[in-house]
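Novice: Data file work_22.cif (mmCIF, C-alpha atoms) is appended below.
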data_my_file
loop_
_atom_site.label_atom_id
_atom_site.label_comp_id
_atom_site.auth_asym_id
_atom_site.auth_seq_id
_atom_site.Cartn_x
_atom_site.Cartn_y
_atom_site.Cartn_z
CA MET U 1 -57.16 108.85 100.00
CA SER U 2 -60.07 111.23 99.36
CA PRO U 3 -63.05 110.43 97.07
CA GLN U 4 -61.56 112.80 94.54
CA THR U 5 -58.42 110.70 94.38
CA ALA U 6 -60.30 107.37 94.17
CA GLY U 7 -62.37 108.64 91.24
CA CYS U 8 -59.49 109.80 89.09
CA GLN U 9 -59.03 108.12 85.77
CA GLU U 10 -55.77 106.45 84.82
CA GLY U 11 -54.89 109.12 82.33
CA GLN U 12 -55.76 111.98 84.66
CA LYS U 13 -53.46 111.04 87.60
CA ALA U 14 -50.93 113.74 86.86
CA ALA U 15 -53.64 116.42 87.14
CA CYS U 16 -55.45 114.87 90.07
CA PRO U 17 -54.87 116.72 93.33
CA GLY U 18 -55.03 113.52 95.36
CA HIS U 19 -52.31 111.83 93.30
CA VAL U 20 -50.03 114.80 93.67
CA LEU U 21 -50.52 114.56 97.43
CA ALA U 22 -49.78 110.77 97.45
CA LEU U 23 -46.66 111.21 95.33
CA SER U 24 -45.37 113.93 97.59
CA PHE U 25 -45.70 111.81 100.79
CA ALA U 26 -45.38 108.21 99.61
CA ASP U 27 -42.52 108.59 97.12
CA PRO U 28 -40.65 111.87 97.28
CA ARG U 29 -38.48 110.82 94.32
CA ALA U 30 -41.54 110.78 92.03
CA GLY U 31 -42.72 114.29 92.77
CA GLY U 32 -39.40 115.81 93.75
CA TRP U 33 -39.22 119.42 94.70
CA GLN U 34 -41.65 120.33 91.95
CA GLY U 35 -44.29 117.97 93.44
CA ARG U 36 -43.81 119.56 96.88
CA ALA U 37 -44.17 123.04 95.43
CA LEU U 38 -47.32 122.04 93.51
CA LEU U 39 -48.74 120.43 96.68
CA GLN U 40 -48.19 123.55 98.67
CA LYS U 41 -49.70 125.67 95.91
CA ARG U 42 -52.81 123.55 95.63
CA LEU U 43 -53.27 123.38 99.37
CA LEU U 44 -53.16 127.14 99.55
CA SER U 45 -55.54 127.56 96.62
CA GLY U 46 -58.02 125.02 98.03
CA THR U 47 -57.73 122.68 95.05
CA ILE U 48 -56.87 119.76 97.39
CA PRO U 49 -59.30 119.10 100.20
CA LEU U 50 -57.77 119.54 103.66
CA GLU U 51 -59.35 116.33 104.92
CA GLY U 52 -57.36 114.31 102.37
CA PHE U 53 -54.18 115.99 103.49
CA ALA U 54 -54.92 115.19 107.13
CA VAL U 55 -55.49 111.52 106.38
CA HIS U 56 -52.22 111.12 104.51
CA ARG U 57 -50.31 113.07 107.16
CA ALA U 58 -51.74 110.88 109.93
CA ARG U 59 -50.77 107.70 108.08
CA HIS U 60 -47.15 108.84 107.63
CA LEU U 61 -46.86 109.97 111.24
CA GLY U 62 -47.94 106.49 112.36
CA VAL U 63 -45.20 104.87 110.25
CA TRP U 64 -42.54 107.12 111.71
CA MET U 65 -43.76 106.51 115.25
CA PHE U 66 -43.62 102.74 114.65
CA LEU U 67 -40.03 103.00 113.40
CA ALA U 68 -39.03 105.16 116.39
CA VAL U 69 -40.48 102.69 118.91
CA GLY U 70 -38.71 99.77 117.23
CA LEU U 71 -35.42 101.61 117.21
CA ALA U 72 -35.77 102.43 120.92
CA ILE U 73 -36.45 98.75 121.73
CA LEU U 74 -33.40 97.73 119.69
CA LEU U 75 -31.12 100.24 121.45
CA SER U 76 -32.34 99.18 124.90
CA ALA U 77 -31.53 95.56 124.04
CA CYS U 78 -28.01 96.55 122.96
CA GLN U 79 -27.43 98.51 126.16
CA ARG U 80 -28.41 95.62 128.42
CA GLU U 81 -25.61 95.03 130.98
CA ALA U 82 -23.33 92.03 130.61
CA PRO U 83 -23.48 89.45 133.43
CA SER U 84 -21.21 90.30 136.43
CA VAL U 85 -18.18 88.14 137.33
CA PRO U 86 -17.81 87.46 141.09
CA VAL U 87 -14.19 87.50 142.36
CA THR U 88 -12.50 87.59 145.79
CA ILE U 89 -9.64 89.98 146.59
CA LEU U 90 -7.25 89.17 149.45
CA ALA U 91 -5.29 92.27 150.49
CA ASP U 92 -4.16 93.97 153.71
CA GLY U 93 -5.42 91.07 155.83
CA LYS U 94 -8.97 91.29 154.46
CA ALA U 95 -11.06 89.33 151.98
CA VAL U 96 -13.26 91.51 149.76
CA GLN U 97 -15.83 90.03 147.37
CA VAL U 98 -16.77 92.12 144.35
CA ALA U 99 -18.76 91.54 141.16
CA VAL U 100 -17.46 93.28 138.04
CA PRO U 101 -18.71 93.14 134.43
CA GLY U 102 -15.74 91.19 133.10
CA GLY U 103 -12.32 92.69 132.29
CA THR U 104 -8.92 92.01 133.86
CA VAL U 105 -7.49 91.66 137.36
CA ARG U 106 -6.50 95.33 137.19
CA ASP U 107 -10.17 96.28 136.57
CA ALA U 108 -11.31 94.22 139.56
CA LEU U 109 -8.77 95.89 141.88
CA ALA U 110 -9.82 99.32 140.64
CA ALA U 111 -13.50 98.49 141.23
CA ALA U 112 -12.71 97.40 144.80
CA GLY U 113 -10.57 100.49 145.46
CA VAL U 114 -7.42 98.43 146.15
CA SER U 115 -4.21 100.26 145.14
CA VAL U 116 -1.03 98.44 144.13
CA GLY U 117 2.41 99.82 145.06
CA GLY U 118 5.54 99.66 142.93
CA LEU U 119 7.01 96.74 144.90
CA ASP U 120 3.73 94.89 145.58
CA ARG U 121 3.09 91.51 143.97
CA VAL U 122 -0.29 90.51 142.49
CA ARG U 123 -1.33 86.96 141.68
CA PRO U 124 -2.68 86.33 139.08
CA ASP U 125 -0.97 89.04 137.01
CA LEU U 126 -2.78 92.31 136.40
CA TRP U 127 -3.43 91.53 132.73
CA GLU U 128 -5.13 88.16 133.39
CA GLU U 129 -8.79 87.89 132.35
CA LEU U 130 -11.36 87.49 135.12
CA GLN U 131 -13.06 84.15 135.70
CA PRO U 132 -15.99 83.45 138.03
CA GLY U 133 -14.78 82.56 141.51
CA LEU U 134 -11.23 83.85 140.83
CA GLN U 135 -9.15 84.62 143.95
CA ILE U 136 -6.82 87.63 143.62
CA ARG U 137 -4.03 88.02 146.16
CA VAL U 138 -2.12 91.29 146.72
CA VAL U 139 1.15 90.90 148.66
CA ARG U 140 2.43 94.15 150.17
CA VAL U 141 6.22 94.36 149.73
CA GLN U 142 8.39 96.83 151.66
CA GLU U 143 12.14 97.47 151.70
CA VAL U 144 13.41 99.04 154.92
CA GLU U 145 16.89 99.88 156.19
CA GLU U 146 17.88 98.51 159.57
CA VAL U 147 20.97 99.53 161.54
CA GLN U 148 22.41 97.24 164.20
CA ARG U 149 25.36 97.65 166.52
CA ARG U 150 27.28 94.63 167.71
CA SER U 151 30.12 94.25 170.15
CA ILE U 152 33.46 92.83 169.00
CA PRO U 153 34.97 90.59 171.68
CA PHE U 154 38.63 91.02 172.49
CA GLU U 155 41.15 88.20 172.48
CA ARG U 156 43.78 87.29 175.03
CA ARG U 157 47.18 87.28 173.41
CA VAL U 158 50.21 85.80 175.11
CA LEU U 159 53.50 87.60 174.59
CA ARG U 160 56.62 85.58 175.19
CA SER U 161 58.82 88.13 176.88
CA GLU U 162 62.55 87.73 177.23
CA ALA U 163 62.49 90.63 179.67
CA LEU U 164 60.78 88.51 182.34
CA PRO U 165 62.17 85.47 184.16
CA ASP U 166 60.84 82.05 183.30
CA GLY U 167 57.36 81.39 184.70
CA GLU U 168 56.62 85.03 185.49
CA SER U 169 53.68 86.74 183.78
CA ARG U 170 52.56 90.32 183.58
CA LEU U 171 49.42 91.94 182.14
CA VAL U 172 50.73 94.36 179.55
CA GLN U 173 47.44 95.60 178.12
CA LEU U 174 43.83 95.40 179.32
CA GLY U 175 41.32 94.06 176.85
CA GLN U 176 38.38 96.16 175.72
CA GLU U 177 35.49 95.15 173.47
CA GLY U 178 35.03 97.01 170.23
CA GLU U 179 31.81 97.91 168.46
CA GLU U 180 30.74 97.73 164.84
CA GLU U 181 27.75 99.15 162.97
CA ILE U 182 26.01 96.98 160.39
CA VAL U 183 23.42 98.30 157.91
CA TYR U 184 20.91 95.81 156.47
CA LYS U 185 18.30 96.05 153.73
CA VAL U 186 15.27 94.10 154.98
CA VAL U 187 12.48 92.93 152.65
CA LEU U 188 9.02 92.52 154.24
CA GLU U 189 6.08 90.75 152.60
CA ASP U 190 2.78 91.49 154.35
CA GLY U 191 4.83 92.56 157.37
CA VAL U 192 6.86 89.32 157.53
CA GLU U 193 10.63 89.43 156.92
CA THR U 194 11.59 87.32 153.90
CA GLN U 195 15.07 88.59 153.06
CA ARG U 196 17.95 90.37 154.81
CA LEU U 197 20.99 91.70 152.94
CA GLU U 198 24.04 93.34 154.49
CA VAL U 199 24.68 96.72 152.87
CA SER U 200 27.66 98.04 154.85
CA ARG U 201 29.73 97.36 157.92
CA LYS U 202 32.07 99.69 159.78
CA VAL U 203 33.95 99.64 163.06
CA VAL U 204 32.65 102.32 165.39
CA ARG U 205 35.05 101.54 168.23
CA PRO U 206 38.14 99.38 167.59
CA VAL U 207 38.73 96.37 169.78
CA VAL U 208 41.68 96.34 172.15
CA HIS U 209 43.07 92.88 172.74
CA GLU U 210 44.37 91.79 176.10
CA VAL U 211 48.12 91.18 176.13
CA LEU U 212 49.73 88.96 178.75
CA ALA U 213 53.51 88.81 178.87
CA VAL U 214 55.02 85.50 179.93
CA GLY U 215 58.67 85.37 180.85
CA VAL U 216 60.96 83.10 178.84
CA ARG U 217 64.30 84.56 179.87
CA GLY U 218 66.81 81.84 180.35
CA ASN U 219 69.98 81.76 182.40
CA LEU U 220 72.18 82.98 179.57
CA PRO U 221 74.59 85.69 180.71
CA SER U 222 74.28 89.21 179.25
CA VAL U 223 76.88 90.11 176.68
CA PRO U 224 77.89 93.61 175.54
CA ILE U 225 76.90 94.75 172.02
CA THR U 226 77.74 97.77 169.89
CA GLY U 227 74.91 99.89 168.52
CA THR U 228 71.26 98.82 168.37
CA ILE U 229 69.81 95.49 167.32
CA ALA U 230 66.13 95.08 166.32
CA TYR U 231 64.48 91.73 165.72
CA ILE U 232 61.06 89.99 165.60
CA SER U 233 59.99 87.51 168.24
CA GLY U 234 56.46 86.17 168.68
CA GLY U 235 55.08 88.60 166.09
CA ASN U 236 56.46 91.63 167.98
CA ALA U 237 59.40 93.96 167.48
CA TRP U 238 62.19 93.75 170.03
CA MET U 239 65.38 95.70 170.49
CA MET U 240 68.55 95.61 172.52
CA ARG U 241 71.15 98.31 172.94
CA ALA U 242 74.57 98.21 174.61
CA GLU U 243 74.03 94.71 176.08
CA SER U 244 71.84 91.69 175.43
CA GLY U 245 70.40 91.76 178.91
CA GLY U 246 68.67 95.07 178.23
CA ARG U 247 66.37 93.77 175.50
CA ARG U 248 62.79 95.07 175.50
CA PRO U 249 59.69 94.88 173.26
CA LEU U 250 58.72 97.78 171.00
CA THR U 251 55.25 96.37 170.13
CA SER U 252 52.88 94.04 171.94
CA ALA U 253 50.04 93.24 169.52
CA GLY U 254 51.88 90.31 167.91
CA ASP U 255 50.74 91.28 164.36
CA LEU U 256 53.99 92.04 162.51
CA ASP U 257 54.05 90.27 159.13
CA GLY U 258 57.82 90.66 158.61
CA ARG U 259 57.60 92.08 155.08
CA VAL U 260 59.01 95.41 156.15
CA PHE U 261 61.42 95.59 159.08
CA ASP U 262 64.07 98.27 158.73
CA LEU U 263 65.97 100.15 161.44
CA SER U 264 67.05 103.69 160.52
CA PRO U 265 70.83 104.19 160.06
CA ASP U 266 71.00 106.17 163.32
CA GLY U 267 69.09 103.43 165.19
CA ARG U 268 66.39 105.83 166.43
CA TRP U 269 63.42 104.71 164.31
CA LEU U 270 62.11 101.29 163.32
CA LEU U 271 60.04 100.95 160.15
CA PHE U 272 57.79 97.86 160.09
CA SER U 273 54.60 96.45 158.55
CA ARG U 274 51.54 95.07 160.31
CA MET U 275 48.92 92.60 159.13
CA VAL U 276 45.48 93.98 158.24
CA THR U 277 42.94 92.00 160.24
CA ASP U 278 39.89 93.45 158.48
CA THR U 279 38.75 90.69 156.11
CA ALA U 280 36.76 93.17 154.02
CA SER U 281 39.92 95.11 153.14
CA SER U 282 42.02 94.17 150.10
CA ALA U 283 45.14 95.76 151.62
CA LEU U 284 48.06 93.41 152.14
CA ASN U 285 49.33 95.22 155.25
CA SER U 286 49.98 98.70 156.68
CA LEU U 287 53.20 100.61 157.29
CA TRP U 288 54.15 101.81 160.82
CA VAL U 289 57.04 103.50 162.62
CA VAL U 290 58.11 103.43 166.27
CA GLY U 291 60.90 105.17 168.15
CA THR U 292 63.58 103.19 170.00
CA THR U 293 64.98 105.80 172.35
CA VAL U 294 62.12 106.12 174.86
CA VAL U 295 60.76 103.12 176.73
CA GLY U 296 57.06 102.51 175.99
CA GLU U 297 56.98 104.93 173.04
CA GLU U 298 53.81 104.71 170.93
CA ALA U 299 53.90 103.35 167.38
CA TRP U 300 52.37 105.52 164.60
CA PRO U 301 50.72 104.46 161.34
CA LEU U 302 52.08 106.19 158.23
CA GLY U 303 48.85 105.89 156.19
CA ILE U 304 50.49 103.65 153.57
CA GLU U 305 49.02 100.21 152.83
CA GLY U 306 50.01 97.18 150.79
CA VAL U 307 53.80 97.55 151.12
CA LEU U 308 56.00 94.73 149.82
CA HIS U 309 59.45 96.27 150.42
CA ALA U 310 60.54 99.52 152.10
CA GLN U 311 63.78 101.13 153.23
CA TRP U 312 64.98 104.28 155.05
CA ASP U 313 67.39 106.66 153.38
CA GLN U 314 70.64 107.58 155.14
CA ALA U 315 69.11 110.59 156.95
CA ALA U 316 65.91 108.80 158.00
CA ALA U 317 63.96 111.54 156.25
CA ARG U 318 62.64 109.56 153.27
CA ILE U 319 61.31 106.07 152.61
CA ALA U 320 61.50 104.23 149.31
CA TYR U 321 58.88 101.50 148.92
CA THR U 322 56.99 99.32 146.46
CA THR U 323 53.42 98.05 146.81
CA ALA U 324 51.29 94.95 146.28
CA GLU U 325 47.69 93.86 146.75
CA ARG U 326 46.07 90.81 148.27
CA SER U 327 45.02 88.03 145.84
CA GLN U 328 43.20 84.71 146.10
CA GLY U 329 45.79 82.48 144.46
CA SER U 330 49.24 81.49 145.63
CA PRO U 331 51.32 83.09 147.11
CA GLY U 332 48.47 85.33 148.37
CA TRP U 333 49.57 88.64 146.91
CA LYS U 334 50.16 90.32 143.57
CA ALA U 335 52.97 92.85 143.24
CA ARG U 336 52.31 96.13 141.44
CA ASN U 337 56.03 96.48 140.55
CA ASP U 338 55.99 100.21 141.17
CA LEU U 339 58.33 102.54 143.05
CA TRP U 340 57.43 105.30 145.53
CA VAL U 341 59.42 107.77 147.62
CA ALA U 342 57.78 109.37 150.66
CA GLU U 343 59.13 112.27 152.72
CA VAL U 344 58.53 111.61 156.41
CA ARG U 345 58.54 114.18 159.20
CA LEU U 346 58.60 112.42 162.54
CA PRO U 347 57.64 113.83 165.95
CA SER U 348 60.71 114.80 167.95
CA PRO U 349 60.91 117.02 171.05
CA HIS U 350 64.04 118.73 169.74
CA VAL U 351 63.56 118.75 165.93
CA THR U 352 59.76 118.94 165.42
CA PRO U 353 58.21 119.86 168.78
CA THR U 354 54.88 120.93 167.20
CA LEU U 355 54.21 117.55 165.57
CA SER U 356 52.02 115.06 167.41
CA GLN U 357 52.18 112.40 164.69
CA PRO U 358 54.18 111.72 161.51
CA VAL U 359 53.55 113.74 158.34
CA VAL U 360 54.02 111.67 155.16
CA THR U 361 54.18 113.02 151.58
CA PRO U 362 54.40 110.17 149.00
CA THR U 363 55.53 110.66 145.38
CA LEU U 364 55.24 108.08 142.59
CA VAL U 365 58.62 107.57 140.89
CA THR U 366 57.84 104.67 138.56
CA ALA U 367 54.37 103.45 137.63
CA GLN U 368 53.39 99.82 137.53
CA MET U 369 55.71 97.70 135.37
CA PRO U 370 55.29 94.20 133.92
CA GLY U 371 56.52 91.58 136.35
CA GLY U 372 57.39 88.95 133.78
CA ALA U 373 57.27 85.27 134.70
CA TYR U 374 57.48 85.95 138.46
CA PRO U 375 55.30 89.01 139.08
CA TRP U 376 54.78 88.32 142.79
CA TRP U 377 58.38 89.16 143.72
CA GLY U 378 57.81 92.85 143.14
CA THR U 379 60.45 95.56 142.91
CA ALA U 380 63.75 95.20 144.79
CA LEU U 381 65.29 98.52 145.84
CA ALA U 382 68.24 100.07 147.68
CA TRP U 383 69.35 103.63 148.50
CA SER U 384 72.81 104.85 147.61
CA PRO U 385 74.97 105.72 150.66
CA ASP U 386 74.58 109.45 150.01
CA GLY U 387 70.77 109.15 149.55
CA LYS U 388 70.83 110.74 146.07
CA HIS U 389 70.01 107.66 144.03
CA ILE U 390 67.85 104.53 144.23
CA ALA U 391 68.74 101.25 142.57
CA TYR U 392 65.74 99.06 141.72
CA GLY U 393 64.82 96.10 139.58
CA THR U 394 62.07 93.55 138.96
CA ALA U 395 62.10 89.85 138.21
CA ASN U 396 61.75 90.72 134.53
CA SER U 397 64.59 93.25 134.33
#
Here is a file; write its structure as structure tokens.
Specialist:
Amino acid sequence: MSPQTAGCQEGQKAACPGHVLALSFADPRAGGWQGRALLQKRLLSGTIPLEGFAVHRARHLGVWMFLAVGLAILLSACQREAPSVPVTILADGKAVQVAVPGGTVRDALAAAGVSVGGLDRVRPDLWEELQPGLQIRVVRVQEVEEVQRRSIPFERRVLRSEALPDGESRLVQLGQEGEEEIVYKVVLEDGVETQRLEVSRKVVRPVVHEVLAVGVRGNLPSVPITGTIAYISGGNAWMMRAESGGRRPLTSAGDLDGRVFDLSPDGRWLLFSRMVTDTASSALNSLWVVGTTVVGEEAWPLGIEGVLHAQWDQAAARIAYTTAERSQGSPGWKARNDLWVAEVRLPSPHVTPTLSQPVVTPTLVTAQMPGGAYPWWGTALAWSPDGKHIAYGTANS
């Protein structure tokens, strides 16, 4: 404060230049904008000494500098880094030690540059808070597809043949191993297999079983017969025509299940069913046909599965049949109680010389019906003699 300000009387403070200057800097509310304007006016007119103004300005600048330094010290204290948390990360066969300023397991992995895949496992979990000395383990998990091929060994099957004398044997069919393809889903954890699941299995090359015929013909004399007789012996189809001594096998695999065994009215074609050996299939059996006129004629599949009953019509041009499916409980199958009719065109050198295998066209006549108290019996059926009608019935009707 200047000498002029110190010498002012109490009643003259409003008119004192020094007091106007003090009010303007020390308490802006007292002077307000009018005090600032008066200060500027008096400074310009020389009423207030410049040395007094310099003193007051220096004092106020010192206060502001003190506040600025204190604020800077306060901010620097707030920005001081938190103490780091040391952790160890085990991943990809390495141990990496990092120090991070707190946070979660996810933050520690990010700081170490360790990425986590969609199948990878992290222990502890990513959201766990970090603790000093924590050990984080990342397990790399992979799912790969593996394809393997395995051989299917053939079996030796003995065929009791009435066409051979007692004690005589003959190799009817050479055995040949089959091959199957199996697809696995393999789970690897850090390169070590931990799980293997079978996805699919299919037969690439079917197995051919060895068939050995052993003679069981006795000393019974041959007797003449009229027409053709077909029968099952040792799981194979046999036939005799004209005399009993001329009997011969029509199949050699020994897999007839006996559900369907029907000789056509003209005796030229035998309709039969075979067991399905594939355990993965739900089919009860499969339908086949073989000719009886040519020795060693090949049997053909008709592409129809799960047949419970079947019968030729009078012209051997159509088959009526009903179906069933395999089940776990007794008696081992469940009838669908339906009725089908299939037109069948069979290979014949004179009738159908261009056909190399049967052509089958099935048509659904009656959809599945309730089987009542005995549903496993299925639908019984029979053609009329003229082949124009089919009689059928179930255990419930």
Novice: Using all atoms listed in the file, what does the table of range 222-279 of chain U residues within 8 Å of range 302-325 of chain U look like, with each row giving the shortest atom pair and its distance in Å to one decimal, sorted by chain and ascending number, as a Markdown table?
Specialist:
| residue | atom | partner | partner_atom | distance |
| --- | --- | --- | --- | --- |
| U:Arg259 | CA | U:Leu308 | CA | 6.1 |
| U:Val260 | CA | U:His309 | CA | 5.8 |
| U:Asp262 | CA | U:Gln311 | CA | 6.2 |
| U:Leu263 | CA | U:Trp312 | CA | 7.7 |
| U:Ser264 | CA | U:Ala316 | CA | 5.8 |
| U:Pro265 | CA | U:Gln314 | CA | 6.0 |
| U:Asp266 | CA | U:Ala316 | CA | 7.8 |
| U:Trp269 | CA | U:Ala316 | CA | 7.9 |
| U:Leu271 | CA | U:Trp312 | CA | 7.8 |
| U:Ser273 | CA | U:Val307 | CA | 7.6 |
Novice: Identify which of the residues U:Leu250, U:Leu346, U:Met275, U:Leu381 lies closest to Glu297 in chain U, counting only C-alpha atoms when measuring atom-to-atom distances.
Specialist: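 Ranked by minimum distance to Glu297 in chain U, first place goes to U:Leu250.
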Novice: Suppose you want the space between CA of Ala110 in chain U and CA of Glu129 in chain U; what is it in Å?
Specialist: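 That distance, rounded to one decimal, is 14.2 Å.
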Novice: Calculate how many Å separate CA of Trp127 in chain U from CA of Val105 in chain U, rounding to one decimal.
Specialist: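 If I compute the distance from CA of Trp127 in chain U to CA of Val105 in chain U, I get 6.2 Å.
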Novice: What's the separation between CA of His209 in chain U and CA of Glu298 in chain U, in Å to one decimal place?
Specialist: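 Computing it gives 16.1 Å between the two atoms.
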Novice: Find the residues with any atom within 9 Å of (-4.7, 98.4, 146.9); use all atoms listed in the file and the coordinates as given in the file, and write the answer as a list in words.
Specialist: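 Output: Ala91, Asp92, Leu109, Ala110, Ala112, Gly113, Val114, Ser115, Val116, Gly117, Val138 and Arg140 of chain U.
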Novice: For the provided coordinates, the residues matched by the PyMOL selection byres ((chain U and resi 123) around 8) should be stated as a list in words.
Specialist: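 When the PyMOL selection byres ((chain U and resi 123) around 8) is applied, the selected residues are Arg121, Val122, Pro124, Asp125, Leu126, Ile136, Arg137 and Val138 of chain U.
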Novice: The PyMOL selection byres ((chain U and resi 161-178) around 9) - which residues does that actually catch in the file I just gave you? List them as JSON, numbers by chain.
Specialist: {"U": [150, 151, 152, 153, 154, 155, 156, 159, 160, 179, 180, 203, 204, 205, 206, 207, 208, 209, 210, 211, 212, 213, 214, 215, 216, 217, 218, 219, 233, 234, 245, 246, 247, 248, 249, 252]}
Novice: So that I can check the surroundings of Asp257 in chain U, please list as an mmCIF file with C-alpha atoms, in the coordinates of the input every protein, DNA and RNA residue that reaches within 10 Å of it, counting only C-alpha atoms and ignoring chain neighbours fewer than 2 positions away.
Specialist:
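The resulting file, part.cif, is reproduced below:
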data_model
loop_
_atom_site.group_PDB
_atom_site.id
_atom_site.type_symbol
_atom_site.label_atom_id
_atom_site.label_comp_id
_atom_site.auth_asym_id
_atom_site.auth_seq_id
_atom_site.Cartn_x
_atom_site.Cartn_y
_atom_site.Cartn_z
ATOM 1 C CA ILE U 232 61.060 89.990 165.600
ATOM 2 C CA GLY U 235 55.080 88.600 166.090
ATOM 3 C CA ASN U 236 56.460 91.630 167.980
ATOM 4 C CA GLY U 254 51.880 90.310 167.910
ATOM 5 C CA ASP U 255 50.740 91.280 164.360
ATOM 6 C CA ARG U 259 57.600 92.080 155.080
ATOM 7 C CA VAL U 260 59.010 95.410 156.150
ATOM 8 C CA PHE U 261 61.420 95.590 159.080
ATOM 9 C CA PHE U 272 57.790 97.860 160.090
ATOM 10 C CA SER U 273 54.600 96.450 158.550
ATOM 11 C CA ARG U 274 51.540 95.070 160.310
ATOM 12 C CA MET U 275 48.920 92.600 159.130
ATOM 13 C CA VAL U 276 45.480 93.980 158.240
ATOM 14 C CA LEU U 284 48.060 93.410 152.140
ATOM 15 C CA ASN U 285 49.330 95.220 155.250
ATOM 16 C CA SER U 286 49.980 98.700 156.680
#
Novice: Please expand the PyMOL selection byres ((chain U and resi 133) around 12) into the concrete residues it hits in this file, giving the result as an mmCIF file with C-alpha atoms, in the coordinates of the input.
Specialist:
data_model
loop_
_atom_site.group_PDB
_atom_site.id
_atom_site.type_symbol
_atom_site.label_atom_id
_atom_site.label_comp_id
_atom_site.auth_asym_id
_atom_site.auth_seq_id
_atom_site.Cartn_x
_atom_site.Cartn_y
_atom_site.Cartn_z
ATOM 1 C CA SER U 84 -21.210 90.300 136.430
ATOM 2 C CA VAL U 85 -18.180 88.140 137.330
ATOM 3 C CA PRO U 86 -17.810 87.460 141.090
ATOM 4 C CA VAL U 87 -14.190 87.500 142.360
ATOM 5 C CA THR U 88 -12.500 87.590 145.790
ATOM 6 C CA ILE U 89 -9.640 89.980 146.590
ATOM 7 C CA GLN U 97 -15.830 90.030 147.370
ATOM 8 C CA VAL U 98 -16.770 92.120 144.350
ATOM 9 C CA ALA U 99 -18.760 91.540 141.160
ATOM 10 C CA VAL U 100 -17.460 93.280 138.040
ATOM 11 C CA LEU U 130 -11.360 87.490 135.120
ATOM 12 C CA GLN U 131 -13.060 84.150 135.700
ATOM 13 C CA PRO U 132 -15.990 83.450 138.030
ATOM 14 C CA LEU U 134 -11.230 83.850 140.830
ATOM 15 C CA GLN U 135 -9.150 84.620 143.950
ATOM 16 C CA ILE U 136 -6.820 87.630 143.620
#
Novice: Can you fill out range 229-240 of chain U with N, CA and C atoms and hand it back as a PDB file, in the frame of the given file?
Specialist:
ATOM      1  N   ILE U 229      70.284  96.657 168.066  1.00  0.00           N
ATOM      2  CA  ILE U 229      69.810  95.490 167.320  1.00  0.00           C
ATOM      3  C   ILE U 229      68.290  95.416 167.468  1.00  0.00           C
ATOM      4  N   ALA U 230      67.581  95.267 166.322  1.00  0.00           N
ATOM      5  CA  ALA U 230      66.130  95.080 166.320  1.00  0.00           C
ATOM      6  C   ALA U 230      65.818  93.727 165.705  1.00  0.00           C
ATOM      7  N   TYR U 231      64.832  93.043 166.238  1.00  0.00           N
ATOM      8  CA  TYR U 231      64.480  91.730 165.720  1.00  0.00           C
ATOM      9  C   TYR U 231      63.011  91.446 166.037  1.00  0.00           C
ATOM     10  N   ILE U 232      62.460  90.395 165.409  1.00  0.00           N
ATOM     11  CA  ILE U 232      61.060  89.990 165.600  1.00  0.00           C
ATOM     12  C   ILE U 232      61.035  88.714 166.413  1.00  0.00           C
ATOM     13  N   SER U 233      60.187  88.710 167.433  1.00  0.00           N
ATOM     14  CA  SER U 233      59.990  87.510 168.240  1.00  0.00           C
ATOM     15  C   SER U 233      58.516  87.449 168.649  1.00  0.00           C
ATOM     16  N   GLY U 234      57.861  86.341 168.335  1.00  0.00           N
ATOM     17  CA  GLY U 234      56.460  86.170 168.680  1.00  0.00           C
ATOM     18  C   GLY U 234      55.544  87.185 168.018  1.00  0.00           C
ATOM     19  N   GLY U 235      55.887  87.629 166.809  1.00  0.00           N
ATOM     20  CA  GLY U 235      55.080  88.600 166.090  1.00  0.00           C
ATOM     21  C   GLY U 235      55.225  90.026 166.588  1.00  0.00           C
ATOM     22  N   ASN U 236      56.212  90.294 167.457  1.00  0.00           N
ATOM     23  CA  ASN U 236      56.460  91.630 167.980  1.00  0.00           C
ATOM     24  C   ASN U 236      57.889  92.068 167.686  1.00  0.00           C
ATOM     25  N   ALA U 237      58.080  93.382 167.699  1.00  0.00           N
ATOM     26  CA  ALA U 237      59.400  93.960 167.480  1.00  0.00           C
ATOM     27  C   ALA U 237      60.117  94.090 168.826  1.00  0.00           C
ATOM     28  N   TRP U 238      61.343  93.660 168.837  1.00  0.00           N
ATOM     29  CA  TRP U 238      62.190  93.750 170.030  1.00  0.00           C
ATOM     30  C   TRP U 238      63.480  94.494 169.662  1.00  0.00           C
ATOM     31  N   MET U 239      64.104  95.036 170.708  1.00  0.00           N
ATOM     32  CA  MET U 239      65.380  95.700 170.490  1.00  0.00           C
ATOM     33  C   MET U 239      66.281  95.489 171.704  1.00  0.00           C
ATOM     34  N   MET U 240      67.571  95.613 171.442  1.00  0.00           N
ATOM     35  CA  MET U 240      68.550  95.610 172.520  1.00  0.00           C
ATOM     36  C   MET U 240      69.639  96.624 172.156  1.00  0.00           C
TER      37      MET U 240
END
